[in-house]
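Engineer: For reference, the structure I am asking about is given below.
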Amino acid sequence: LLVDAARSALAAGGADQFARQLRRIERSLTQPVINATGVIVHTNLGRAPWGVDVAPTYCNLELDLTTGKRSTRRGGAGALIARACGAEDALVVNNGAAAVWLVLAALAADRGVAVSRGELVEIGGGFRLPDVMEASGARLVEVGTTNKTRVSDYRRVLDRTAILMKVHRSNFQLAGFVEDASVEELADLERPLIADIGSGLLDAACPWLVGGPPAWLESEPAARQTLAAGAALVIFSGDKLMGGPQAGLIAGDAQLVDRCVRHPLYRVVRPSGLVLTALQNVALAYLNNNGTAIPFWRMATTSVEELRHRAHGLGVGEVVDCYSVPGGGTLPGVEIPSAGVSLPGDVTASLRATRPKAVIARVADGSTILDLRTVDPEDDRMVCEAVHSATR
Ligand SMILES: *Cc1c(COP(=O)(O)O)cnc(C)c1O
């Protein structure tokens, strides 16, 4: 890499270009950054913040410590998440898209899957439900219309379908004359109901938050309640509202989960010990009802007063009220009151160039806004120094 930088420097005019070329290479590496955008689950910044701090070590990834025999990697994170959302069993795969694909391939290859025409979503970054369905070998059976789908629409195609699927409209809303079949209604039909709930809210009651669920969570489907309402399986991401590393979860009926595990291509989408360890820590925090141990929930529930106080403490720019968003293609239209500082003009490029961490901010009405909700308080001093160096 250093030789590359030296060659590029010479090509660009001489040795004095070397530092600049080196910087270009440094910037191309994945590195911690400060998220001052107020978008809590920021797709470009790796979605939910999480961390692992482990020295190189072996772990009992596939060893049963009691019997000394080979086991599966399904004990830790999967079992704990199943417990946290009241499922019989749960399986961890690499991401939500992989979870949808595996469930369809394992339960409905060459067979029909009924989905409402109002739920054939595209999630950012190219996840299109009809395309994933086609790749899985399952046959899409569209039911209802864009705005109205009733139980009778599903009932009419039962003889052509192996499973029914409900997909959360994570990133858009339908308004006006709209009708949907509920999970309860669909659970009464004689086919397993699979619910892709998207964002990974484990329990609508949020027992891990001292103050209970925040108002802006209202109407977001939760794993525990969706299963209790009769869904056979729920599918969700580990790195959206769940607040863990990139992962996909398949939770619910143990026999159906087992069919997913036995599919020959489960191995293609199974996660590493690193991801399972990080996810296990998140699951333990949920089981301890300790929301403050999960950065997403800590950030999402920090009071505006506290953020204002921190903004004053920075001693730079003008303290302003602003709005954060949950982000990650979840909860469209939801805004969480927040606070931060405003700087005149657009200095986002200079903030991105600061060290040791780049600071990512946004521009509104010609000013640069740094929303402190998504900034770790430990990084406040670094933000302050970054603003000084960016506006010097
Ligand atoms: C986000 C999402 C997915 C895709 O999950 P990834 O973890 O991004 O692969 C699938 N379905 C729904 C409803 C989603 O919201």
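By convention in this document, the chains of the structure tokens carry letters A, B, ... by their order, each chain's residues are numbered from 1, and ligands are numbered from 1 in the order they are shown.
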So which residues touch segment 338-345 of chain A within 7 Å, counting only C-alpha atoms, skipping near sequence neighbours fewer than 6 positions away, as a PyMOL selection string?
Structural biologist: chain A and resi 304+307-308+311+317-324+366-373
Engineer: Store the residues picked out above, limited to N, CA, C and O atoms, as a compact mmCIF listing (two decimals), in the first residue's frame.
Structural biologist:
# COMPACT_ATOMS: atom_id res chain seq x y z
N VAL A 304 -34.28 14.90 25.42
CA VAL A 304 -33.86 16.10 24.70
C VAL A 304 -33.10 17.04 25.64
O VAL A 304 -32.11 17.67 25.24
N LEU A 307 -29.57 16.04 25.80
CA LEU A 307 -28.86 16.34 24.55
C LEU A 307 -28.56 17.83 24.47
O LEU A 307 -27.47 18.24 24.05
N ARG A 308 -29.52 18.67 24.91
CA ARG A 308 -29.30 20.13 24.93
C ARG A 308 -28.14 20.48 25.85
O ARG A 308 -27.28 21.29 25.51
N ALA A 311 -25.04 19.66 24.18
CA ALA A 311 -24.78 20.60 23.08
C ALA A 311 -24.16 21.89 23.63
O ALA A 311 -23.20 22.41 23.06
N GLY A 317 -20.58 26.45 17.85
CA GLY A 317 -21.80 26.63 17.07
C GLY A 317 -22.95 27.15 17.91
O GLY A 317 -22.78 27.62 19.04
N GLU A 318 -24.14 27.02 17.34
CA GLU A 318 -25.35 27.48 18.03
C GLU A 318 -26.15 26.26 18.43
O GLU A 318 -26.36 25.36 17.61
N VAL A 319 -26.58 26.21 19.69
CA VAL A 319 -27.37 25.06 20.15
C VAL A 319 -28.76 25.12 19.52
O VAL A 319 -29.42 26.15 19.56
N VAL A 320 -29.17 24.02 18.88
CA VAL A 320 -30.48 24.03 18.20
C VAL A 320 -31.26 22.75 18.53
O VAL A 320 -30.67 21.70 18.81
N ASP A 321 -32.57 22.87 18.47
CA ASP A 321 -33.42 21.68 18.52
C ASP A 321 -33.52 21.13 17.11
O ASP A 321 -33.53 21.89 16.14
N CYS A 322 -33.59 19.81 16.99
CA CYS A 322 -33.72 19.22 15.65
C CYS A 322 -34.48 17.90 15.80
O CYS A 322 -35.04 17.61 16.86
N TYR A 323 -34.54 17.13 14.74
CA TYR A 323 -35.24 15.84 14.80
C TYR A 323 -34.32 14.72 14.35
O TYR A 323 -33.66 14.84 13.32
N SER A 324 -34.30 13.63 15.12
CA SER A 324 -33.61 12.41 14.70
C SER A 324 -34.64 11.49 14.05
O SER A 324 -35.85 11.69 14.21
N GLY A 366 -28.97 25.41 4.48
CA GLY A 366 -27.70 26.12 4.37
C GLY A 366 -26.81 26.05 5.60
O GLY A 366 -25.74 26.66 5.63
N SER A 367 -27.24 25.32 6.65
CA SER A 367 -26.39 25.17 7.84
C SER A 367 -26.02 23.71 8.04
O SER A 367 -26.74 22.81 7.60
N THR A 368 -24.89 23.50 8.71
CA THR A 368 -24.50 22.13 9.05
C THR A 368 -25.06 21.80 10.43
O THR A 368 -24.84 22.55 11.38
N ILE A 369 -25.79 20.70 10.52
CA ILE A 369 -26.39 20.30 11.79
C ILE A 369 -25.67 19.07 12.31
O ILE A 369 -25.52 18.07 11.60
N LEU A 370 -25.24 19.15 13.58
CA LEU A 370 -24.70 17.97 14.26
C LEU A 370 -25.71 17.56 15.33
O LEU A 370 -25.88 18.26 16.32
N ASP A 371 -26.38 16.45 15.10
CA ASP A 371 -27.40 15.94 16.03
C ASP A 371 -26.69 15.04 17.04
O ASP A 371 -26.05 14.06 16.67
N LEU A 372 -26.80 15.39 18.32
CA LEU A 372 -26.03 14.64 19.33
C LEU A 372 -26.67 13.33 19.75
O LEU A 372 -26.05 12.53 20.45
N ARG A 373 -27.92 13.07 19.32
CA ARG A 373 -28.57 11.82 19.73
C ARG A 373 -27.76 10.59 19.30
O ARG A 373 -27.68 9.61 20.03
Engineer: Could you pull out the helix (DSSP H, G or I) residues of segment 171-288 of chain A from DSSP and send them as a ChimeraX atom specification?
Structural biologist: /A:183-187,215-217,223-228,254-262,264-269,273-287
Engineer: Between A:Asn171, A:Ser71, A:Thr145, A:Thr391, which one has atoms that come closest to Gly329 of chain A, using only C-alpha atoms?
Structural biologist: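 Using only C-alpha atoms, the shortest distance to Gly329 of chain A belongs to A:Asn171.
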Engineer: Output the neighbourhood of ligand 1 as a list in words, that is, all protein and nucleic acid residues with some atom at most 6 Å from the ligand, counting only C-alpha atoms and all ligand atoms.
Structural biologist: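 Every residue with an atom at most 6 Å from ligand 1 is listed here: Asn95, Gly96, Ala97, Ile123, Val167, His168, Ser170, Asp196, Ile197, Gly198, Ser199, Ser237 and Gly248 of chain A.
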Engineer: Extract, using only C-alpha atoms, all DNA, RNA and protein residues at most 9 Å from Ile250 of chain A, discarding same-chain residues fewer than 3 positions from it, and format them as a list of chain:residue names.
Structural biologist: A:Gly78, A:Asp89, A:Ala90, A:Leu91, A:Val92, A:Val93, A:Gly96, A:Ala99, A:Val100, A:Val103, A:Leu233, A:Val234, A:Ile235, A:Phe236, A:Val257, A:Cys260
Engineer: For the selection you just gave me, I'd like the residues written to a file as a PDB file, in the first residue's frame, keeping C-alpha atoms.
Structural biologist:
ATOM      1  CA  GLY A  78     -30.384 -18.193  18.548  1.00  0.00           C
ATOM      2  CA  ASP A  89     -36.670 -21.902  18.554  1.00  0.00           C
ATOM      3  CA  ALA A  90     -34.717 -19.414  16.463  1.00  0.00           C
ATOM      4  CA  LEU A  91     -32.051 -19.600  13.802  1.00  0.00           C
ATOM      5  CA  VAL A  92     -29.455 -16.926  13.024  1.00  0.00           C
ATOM      6  CA  VAL A  93     -28.354 -16.334   9.416  1.00  0.00           C
ATOM      7  CA  GLY A  96     -32.752 -10.479   6.787  1.00  0.00           C
ATOM      8  CA  ALA A  99     -33.556 -15.358   6.244  1.00  0.00           C
ATOM      9  CA  VAL A 100     -36.402 -14.705   3.794  1.00  0.00           C
ATOM     10  CA  VAL A 103     -37.421 -19.871   4.697  1.00  0.00           C
ATOM     11  CA  LEU A 233     -42.458 -17.975  11.962  1.00  0.00           C
ATOM     12  CA  VAL A 234     -41.256 -14.396  12.163  1.00  0.00           C
ATOM     13  CA  ILE A 235     -38.293 -13.121  10.170  1.00  0.00           C
ATOM     14  CA  PHE A 236     -36.318  -9.991  11.053  1.00  0.00           C
ATOM     15  CA  VAL A 257     -36.969 -23.789  12.040  1.00  0.00           C
ATOM     16  CA  CYS A 260     -34.586 -24.423   7.522  1.00  0.00           C
TER      17      CYS A 260
END
Engineer: Looking at only C-alpha atoms, which of A:Leu2, A:Thr149, A:Val268, A:Arg160 is the one that sits closest to Arg20 of chain A?
Structural biologist: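 Among the listed residues, the smallest separation from Arg20 of chain A belongs to A:Leu2.
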Engineer: Which value, in Å to one decimal, gives the distance between atom CA of Val151 of chain A and atom CA of Ala231 of chain A?
Structural biologist: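 A separation of 14.6 Å between them.
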Engineer: Mind listing the strand (DSSP E) residues of segment 352-388 of chain A, per DSSP on the backbone, as a PyMOL selection string?
Structural biologist: chain A and resi 358-360+362-364+367-371
Engineer: So that I can see what lies close to Ala108 of chain A, please list as a short mmCIF file (atom, residue, chain, number, x, y, z; two decimals) with all heavy atoms, in the first residue's frame the residues with an atom at most 12 Å from it, counting only C-alpha atoms and leaving out residues fewer than 2 positions away in the same chain.
Structural biologist:
data_model
loop_
_atom_site.label_atom_id
_atom_site.label_comp_id
_atom_site.auth_asym_id
_atom_site.auth_seq_id
_atom_site.Cartn_x
_atom_site.Cartn_y
_atom_site.Cartn_z
N VAL A 100 -35.22 -14.56 4.65
CA VAL A 100 -36.40 -14.71 3.79
C VAL A 100 -36.15 -15.78 2.73
O VAL A 100 -36.97 -16.67 2.51
CB VAL A 100 -36.74 -13.34 3.11
CG1 VAL A 100 -37.85 -13.53 2.07
CG2 VAL A 100 -37.16 -12.32 4.16
N TRP A 101 -34.99 -15.69 2.12
CA TRP A 101 -34.65 -16.64 1.06
C TRP A 101 -34.64 -18.08 1.60
O TRP A 101 -35.21 -18.99 0.98
CB TRP A 101 -33.28 -16.26 0.46
CG TRP A 101 -32.78 -17.29 -0.48
CD1 TRP A 101 -33.12 -17.45 -1.79
CD2 TRP A 101 -31.87 -18.35 -0.17
NE1 TRP A 101 -32.49 -18.53 -2.32
CE2 TRP A 101 -31.71 -19.11 -1.35
CE3 TRP A 101 -31.18 -18.74 0.98
CZ2 TRP A 101 -30.88 -20.22 -1.41
CZ3 TRP A 101 -30.37 -19.85 0.93
CH2 TRP A 101 -30.22 -20.56 -0.26
N LEU A 102 -33.99 -18.28 2.77
CA LEU A 102 -33.88 -19.64 3.31
C LEU A 102 -35.25 -20.22 3.68
O LEU A 102 -35.55 -21.37 3.38
CB LEU A 102 -32.95 -19.66 4.54
CG LEU A 102 -32.72 -21.03 5.18
CD1 LEU A 102 -32.05 -22.01 4.20
CD2 LEU A 102 -31.88 -20.91 6.45
N VAL A 103 -36.09 -19.39 4.31
CA VAL A 103 -37.42 -19.87 4.70
C VAL A 103 -38.22 -20.28 3.45
O VAL A 103 -38.84 -21.35 3.42
CB VAL A 103 -38.18 -18.78 5.49
CG1 VAL A 103 -39.66 -19.10 5.59
CG2 VAL A 103 -37.58 -18.63 6.88
N LEU A 104 -38.16 -19.45 2.42
CA LEU A 104 -38.91 -19.77 1.20
C LEU A 104 -38.35 -21.02 0.53
O LEU A 104 -39.10 -21.90 0.09
CB LEU A 104 -38.87 -18.58 0.23
CG LEU A 104 -39.64 -17.34 0.71
CD1 LEU A 104 -39.38 -16.17 -0.22
CD2 LEU A 104 -41.14 -17.64 0.79
N ALA A 105 -37.01 -21.13 0.46
CA ALA A 105 -36.39 -22.29 -0.18
C ALA A 105 -36.72 -23.56 0.59
O ALA A 105 -36.99 -24.61 0.01
CB ALA A 105 -34.88 -22.09 -0.29
N ALA A 106 -36.69 -23.48 1.94
CA ALA A 106 -36.88 -24.68 2.75
C ALA A 106 -38.34 -25.10 2.84
O ALA A 106 -38.65 -26.28 2.92
CB ALA A 106 -36.31 -24.45 4.15
N ASP A 110 -40.80 -24.77 -5.29
CA ASP A 110 -41.73 -25.34 -6.28
C ASP A 110 -43.19 -25.26 -5.84
O ASP A 110 -44.04 -25.94 -6.40
CB ASP A 110 -41.40 -26.81 -6.61
CG ASP A 110 -40.05 -26.93 -7.28
OD1 ASP A 110 -39.72 -26.03 -8.09
OD2 ASP A 110 -39.32 -27.89 -6.99
N ARG A 111 -43.45 -24.51 -4.79
CA ARG A 111 -44.85 -24.40 -4.35
C ARG A 111 -45.24 -22.93 -4.24
O ARG A 111 -44.41 -22.04 -4.31
CB ARG A 111 -45.01 -25.13 -3.01
CG ARG A 111 -44.57 -26.60 -3.17
CD ARG A 111 -44.39 -27.28 -1.86
NE ARG A 111 -45.66 -27.62 -1.26
CZ ARG A 111 -45.79 -28.00 0.01
NH1 ARG A 111 -44.75 -28.08 0.78
NH2 ARG A 111 -46.98 -28.29 0.49
N GLY A 112 -46.53 -22.71 -4.05
CA GLY A 112 -47.03 -21.34 -4.06
C GLY A 112 -46.91 -20.66 -2.70
O GLY A 112 -47.05 -21.29 -1.65
N VAL A 113 -46.65 -19.34 -2.72
CA VAL A 113 -46.62 -18.53 -1.50
C VAL A 113 -47.54 -17.33 -1.73
O VAL A 113 -47.32 -16.54 -2.65
CB VAL A 113 -45.19 -18.03 -1.19
CG1 VAL A 113 -45.19 -17.17 0.06
CG2 VAL A 113 -44.23 -19.21 -1.03
N ALA A 114 -48.57 -17.20 -0.91
CA ALA A 114 -49.52 -16.10 -1.09
C ALA A 114 -49.00 -14.84 -0.40
O ALA A 114 -48.65 -14.86 0.78
CB ALA A 114 -50.87 -16.49 -0.49
N MET A 133 -38.05 -14.21 -3.90
CA MET A 133 -38.96 -15.36 -4.00
C MET A 133 -38.59 -16.21 -5.21
O MET A 133 -38.49 -17.43 -5.12
CB MET A 133 -40.39 -14.82 -4.13
CG MET A 133 -41.43 -15.87 -4.29
SD MET A 133 -42.53 -16.14 -2.90
CE MET A 133 -42.98 -14.60 -2.25
N GLU A 134 -38.35 -15.56 -6.34
CA GLU A 134 -38.01 -16.29 -7.55
C GLU A 134 -36.71 -17.07 -7.36
O GLU A 134 -36.60 -18.24 -7.72
CB GLU A 134 -37.87 -15.31 -8.72
CG GLU A 134 -37.89 -15.98 -10.07
CD GLU A 134 -37.79 -14.95 -11.19
OE1 GLU A 134 -38.39 -13.86 -11.05
OE2 GLU A 134 -37.09 -15.24 -12.17
N ALA A 135 -35.71 -16.40 -6.74
CA ALA A 135 -34.41 -17.05 -6.53
C ALA A 135 -34.53 -18.26 -5.59
O ALA A 135 -33.73 -19.19 -5.66
CB ALA A 135 -33.41 -16.05 -5.95
N SER A 136 -35.51 -18.24 -4.70
CA SER A 136 -35.68 -19.34 -3.74
C SER A 136 -36.34 -20.56 -4.38
O SER A 136 -36.34 -21.64 -3.81
CB SER A 136 -36.54 -18.88 -2.57
OG SER A 136 -37.90 -18.80 -2.99
N GLY A 137 -36.94 -20.38 -5.55
CA GLY A 137 -37.65 -21.49 -6.19
C GLY A 137 -39.12 -21.55 -5.81
O GLY A 137 -39.87 -22.37 -6.32
N ALA A 138 -39.54 -20.66 -4.89
CA ALA A 138 -40.97 -20.61 -4.53
C ALA A 138 -41.74 -19.84 -5.60
O ALA A 138 -41.18 -19.02 -6.31
CB ALA A 138 -41.13 -19.96 -3.16
N ARG A 139 -43.02 -20.11 -5.69
CA ARG A 139 -43.85 -19.42 -6.69
C ARG A 139 -44.72 -18.36 -6.00
O ARG A 139 -45.48 -18.66 -5.08
CB ARG A 139 -44.76 -20.41 -7.41
CG ARG A 139 -44.13 -21.01 -8.65
CD ARG A 139 -45.19 -21.63 -9.55
NE ARG A 139 -46.06 -22.54 -8.83
CZ ARG A 139 -45.78 -23.81 -8.56
NH1 ARG A 139 -44.66 -24.34 -8.99
NH2 ARG A 139 -46.64 -24.58 -7.91
N LEU A 140 -44.58 -17.15 -6.46
CA LEU A 140 -45.36 -16.04 -5.90
C LEU A 140 -46.81 -16.14 -6.36
O LEU A 140 -47.08 -16.25 -7.54
CB LEU A 140 -44.74 -14.72 -6.37
CG LEU A 140 -45.48 -13.43 -6.04
CD1 LEU A 140 -45.59 -13.24 -4.54
CD2 LEU A 140 -44.74 -12.25 -6.65
N VAL A 141 -47.72 -16.14 -5.40
CA VAL A 141 -49.14 -16.08 -5.72
C VAL A 141 -49.66 -14.75 -5.16
O VAL A 141 -49.83 -14.61 -3.95
CB VAL A 141 -49.92 -17.27 -5.10
CG1 VAL A 141 -51.40 -17.17 -5.44
CG2 VAL A 141 -49.34 -18.59 -5.60
N ARG A 160 -53.55 -23.52 -3.92
CA ARG A 160 -52.33 -23.33 -4.72
C ARG A 160 -51.15 -22.87 -3.88
O ARG A 160 -50.10 -22.49 -4.42
CB ARG A 160 -52.58 -22.28 -5.82
CG ARG A 160 -53.46 -22.78 -6.95
CD ARG A 160 -53.53 -21.74 -8.05
NE ARG A 160 -54.43 -20.64 -7.73
CZ ARG A 160 -54.18 -19.36 -7.97
NH1 ARG A 160 -53.05 -19.00 -8.53
NH2 ARG A 160 -55.07 -18.43 -7.68
N THR A 161 -51.30 -22.83 -2.55
CA THR A 161 -50.22 -22.27 -1.73
C THR A 161 -49.80 -23.22 -0.61
O THR A 161 -50.62 -23.89 0.00
CB THR A 161 -50.64 -20.94 -1.08
OG1 THR A 161 -51.87 -21.14 -0.39
CG2 THR A 161 -50.82 -19.85 -2.11
N ALA A 162 -48.46 -23.24 -0.36
CA ALA A 162 -47.92 -24.03 0.75
C ALA A 162 -47.85 -23.17 2.01
O ALA A 162 -48.02 -23.66 3.12
CB ALA A 162 -46.52 -24.53 0.39
N ILE A 163 -47.55 -21.89 1.81
CA ILE A 163 -47.49 -20.99 2.96
C ILE A 163 -48.10 -19.63 2.62
O ILE A 163 -48.23 -19.27 1.45
CB ILE A 163 -46.04 -20.77 3.48
CG1 ILE A 163 -45.13 -20.24 2.38
CG2 ILE A 163 -45.46 -22.02 4.07
CD1 ILE A 163 -43.69 -20.02 2.84
N LEU A 164 -48.48 -18.91 3.65
CA LEU A 164 -48.94 -17.53 3.50
C LEU A 164 -47.85 -16.63 4.05
O LEU A 164 -47.19 -16.97 5.03
CB LEU A 164 -50.23 -17.29 4.30
CG LEU A 164 -51.34 -18.32 4.13
CD1 LEU A 164 -52.51 -17.99 5.05
CD2 LEU A 164 -51.79 -18.36 2.67
N MET A 165 -47.67 -15.49 3.41
CA MET A 165 -46.61 -14.62 3.88
C MET A 165 -47.12 -13.20 4.05
O MET A 165 -47.86 -12.70 3.20
CB MET A 165 -45.47 -14.63 2.87
CG MET A 165 -44.24 -13.95 3.40
SD MET A 165 -42.84 -14.38 2.39
CE MET A 165 -41.56 -13.59 3.35
N ARG A 191 -52.74 -22.89 6.61
CA ARG A 191 -51.37 -22.88 6.10
C ARG A 191 -50.49 -22.13 7.09
O ARG A 191 -50.95 -21.18 7.73
CB ARG A 191 -51.29 -22.13 4.75
CG ARG A 191 -52.07 -22.74 3.60
CD ARG A 191 -51.42 -24.01 3.06
NE ARG A 191 -52.19 -24.54 1.95
CZ ARG A 191 -53.26 -25.32 2.08
NH1 ARG A 191 -53.68 -25.66 3.29
NH2 ARG A 191 -53.92 -25.77 1.02
N PRO A 192 -49.20 -22.53 7.20
CA PRO A 192 -48.32 -21.77 8.10
C PRO A 192 -48.21 -20.31 7.62
O PRO A 192 -48.07 -20.08 6.41
CB PRO A 192 -46.96 -22.46 7.97
CG PRO A 192 -47.20 -23.74 7.24
CD PRO A 192 -48.50 -23.64 6.51
N LEU A 193 -48.30 -19.39 8.56
CA LEU A 193 -48.15 -17.97 8.21
C LEU A 193 -46.74 -17.52 8.58
O LEU A 193 -46.31 -17.64 9.74
CB LEU A 193 -49.18 -17.13 8.97
CG LEU A 193 -48.98 -15.62 8.85
CD1 LEU A 193 -49.18 -15.16 7.40
CD2 LEU A 193 -49.92 -14.87 9.78
N ILE A 194 -46.01 -17.00 7.58
CA ILE A 194 -44.66 -16.49 7.80
C ILE A 194 -44.76 -14.98 7.78
O ILE A 194 -45.27 -14.40 6.82
CB ILE A 194 -43.70 -16.94 6.67
CG1 ILE A 194 -43.85 -18.43 6.37
CG2 ILE A 194 -42.27 -16.54 6.98
CD1 ILE A 194 -43.51 -19.35 7.50
N LEU A 256 -40.51 -26.03 11.92
CA LEU A 256 -40.24 -25.25 10.72
C LEU A 256 -38.81 -24.70 10.74
O LEU A 256 -38.12 -24.69 9.71
CB LEU A 256 -41.25 -24.11 10.58
CG LEU A 256 -42.71 -24.52 10.38
CD1 LEU A 256 -43.60 -23.29 10.20
CD2 LEU A 256 -42.86 -25.47 9.19
N ARG A 259 -36.58 -27.41 9.68
CA ARG A 259 -36.54 -27.62 8.22
C ARG A 259 -35.58 -26.63 7.55
O ARG A 259 -34.92 -26.96 6.57
CB ARG A 259 -37.95 -27.51 7.63
CG ARG A 259 -38.72 -28.83 7.79
CD ARG A 259 -40.17 -28.69 7.46
NE ARG A 259 -40.42 -28.37 6.06
CZ ARG A 259 -41.63 -28.06 5.58
NH1 ARG A 259 -42.67 -28.03 6.40
NH2 ARG A 259 -41.79 -27.80 4.31
N CYS A 260 -35.53 -25.41 8.07
CA CYS A 260 -34.59 -24.42 7.52
C CYS A 260 -33.15 -24.88 7.77
O CYS A 260 -32.29 -24.78 6.90
CB CYS A 260 -34.81 -23.05 8.16
SG CYS A 260 -36.42 -22.35 7.77
N HIS A 263 -32.00 -27.57 5.41
CA HIS A 263 -31.85 -27.26 3.98
C HIS A 263 -30.35 -27.23 3.65
O HIS A 263 -29.56 -26.64 4.37
CB HIS A 263 -32.48 -25.89 3.68
CG HIS A 263 -32.56 -25.61 2.21
ND1 HIS A 263 -31.49 -25.12 1.51
CD2 HIS A 263 -33.56 -25.77 1.33
CE1 HIS A 263 -31.84 -24.97 0.25
NE2 HIS A 263 -33.09 -25.37 0.11
#
Engineer: Which residues of segment 274-351 of chain A have any atom within 12 Å of an atom in segment 30-52 of chain A when counting only C-alpha atoms, and what is the closest pair of atoms for each, with the distance in Å to one decimal? Order the rows by chain and rising number and write it as a tab-separated table.
Structural biologist:
residue	atom	partner	partner_atom	distance
A:Leu274	CA	A:Val52	CA	8.0
A:Val275	CA	A:Val52	CA	8.9
A:Leu276	CA	A:Val52	CA	10.7
A:Thr277	CA	A:Val52	CA	8.1
A:Ala278	CA	A:Val52	CA	6.1
A:Leu279	CA	A:Trp50	CA	9.3
A:Gln280	CA	A:Val52	CA	10.9
A:Asn281	CA	A:Val52	CA	9.1
A:Val282	CA	A:Trp50	CA	8.8
A:Ala293	CA	A:Trp50	CA	10.1
A:Ile294	CA	A:Trp50	CA	7.8
A:Pro295	CA	A:Pro49	CA	6.2
A:Phe296	CA	A:Ala48	CA	6.0
A:Trp297	CA	A:Ile40	CA	9.4
A:Arg298	CA	A:Ile40	CA	10.4
A:Met299	CA	A:Ile40	CA	7.4
A:Ala300	CA	A:Ile40	CA	7.2
A:Thr301	CA	A:Ile40	CA	10.9
A:Thr302	CA	A:Ile40	CA	11.8
A:Leu307	CA	A:Gly38	CA	11.5
A:Ala311	CA	A:Ala36	CA	11.8
A:Asp321	CA	A:Gly38	CA	11.6
A:Cys322	CA	A:Gly38	CA	8.7
A:Tyr323	CA	A:Gly38	CA	7.1
A:Ser324	CA	A:Gly38	CA	4.3
A:Val325	CA	A:Val39	CA	5.0
A:Pro326	CA	A:Ile40	CA	5.1
A:Gly327	CA	A:Val41	CA	4.7
A:Gly328	CA	A:Val41	CA	4.8
A:Gly329	CA	A:Thr43	CA	8.3
A:Thr330	CA	A:Val41	CA	8.6
A:Leu331	CA	A:Val41	CA	10.9
A:Pro332	CA	A:Val39	CA	11.9
A:Val334	CA	A:Val39	CA	11.1
A:Glu335	CA	A:Val39	CA	9.8
A:Ile336	CA	A:Gly38	CA	9.1
A:Pro337	CA	A:Gly38	CA	10.0
A:Ser338	CA	A:Gly38	CA	8.0
A:Ala339	CA	A:Gly38	CA	9.2
A:Gly340	CA	A:Ala36	CA	8.6
A:Val341	CA	A:Ala36	CA	9.8
A:Ser342	CA	A:Ala36	CA	11.2
A:Thr348	CA	A:Ala36	CA	10.4
A:Leu351	CA	A:Ile34	CA	9.9
Engineer: Taking only C-alpha atoms into account, which of A:Ala187, A:Arg362, A:Ala353, A:Met242 comes nearest Arg24 of chain A?
Structural biologist: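 Ranking A:Ala187, A:Arg362, A:Ala353, A:Met242 by distance to Arg24 of chain A, first place goes to A:Ala353.
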Engineer: Which residues, written as a VMD selection string, have at least one atom at most 9 Å from Ala386 of chain A, with only C-alpha atoms counted and residues fewer than 4 positions away on the same chain left out?
Structural biologist: chain A and resid 350 to 351 353 to 355 357 to 359 381 to 382 390 to 391
Engineer: Applying 8 Å and only C-alpha atoms, which residues near Leu80 of chain A remain after dropping the ones on its own chain fewer than 2 positions away? List them as a PyMOL selection string.
Structural biologist: chain A and resi 75-78+82-84+280+283-284+287
Engineer: Include C-alpha atoms and write out the residues we just selected as a PDB file, in the first residue's frame.
Structural biologist:
ATOM      1  CA  GLY A  75     -27.115 -22.758  21.190  1.00  0.00           C
ATOM      2  CA  GLY A  76     -26.092 -19.237  22.177  1.00  0.00           C
ATOM      3  CA  ALA A  77     -27.536 -16.314  20.273  1.00  0.00           C
ATOM      4  CA  GLY A  78     -30.384 -18.193  18.548  1.00  0.00           C
ATOM      5  CA  ALA A  82     -35.978 -17.247  20.896  1.00  0.00           C
ATOM      6  CA  ARG A  83     -36.419 -16.893  24.653  1.00  0.00           C
ATOM      7  CA  ALA A  84     -36.488 -13.089  24.462  1.00  0.00           C
ATOM      8  CA  GLN A 280     -25.395 -13.264  22.074  1.00  0.00           C
ATOM      9  CA  ALA A 283     -29.601 -11.092  23.502  1.00  0.00           C
ATOM     10  CA  LEU A 284     -28.298 -11.263  27.094  1.00  0.00           C
ATOM     11  CA  LEU A 287     -32.977 -10.920  28.777  1.00  0.00           C
TER      12      LEU A 287
END
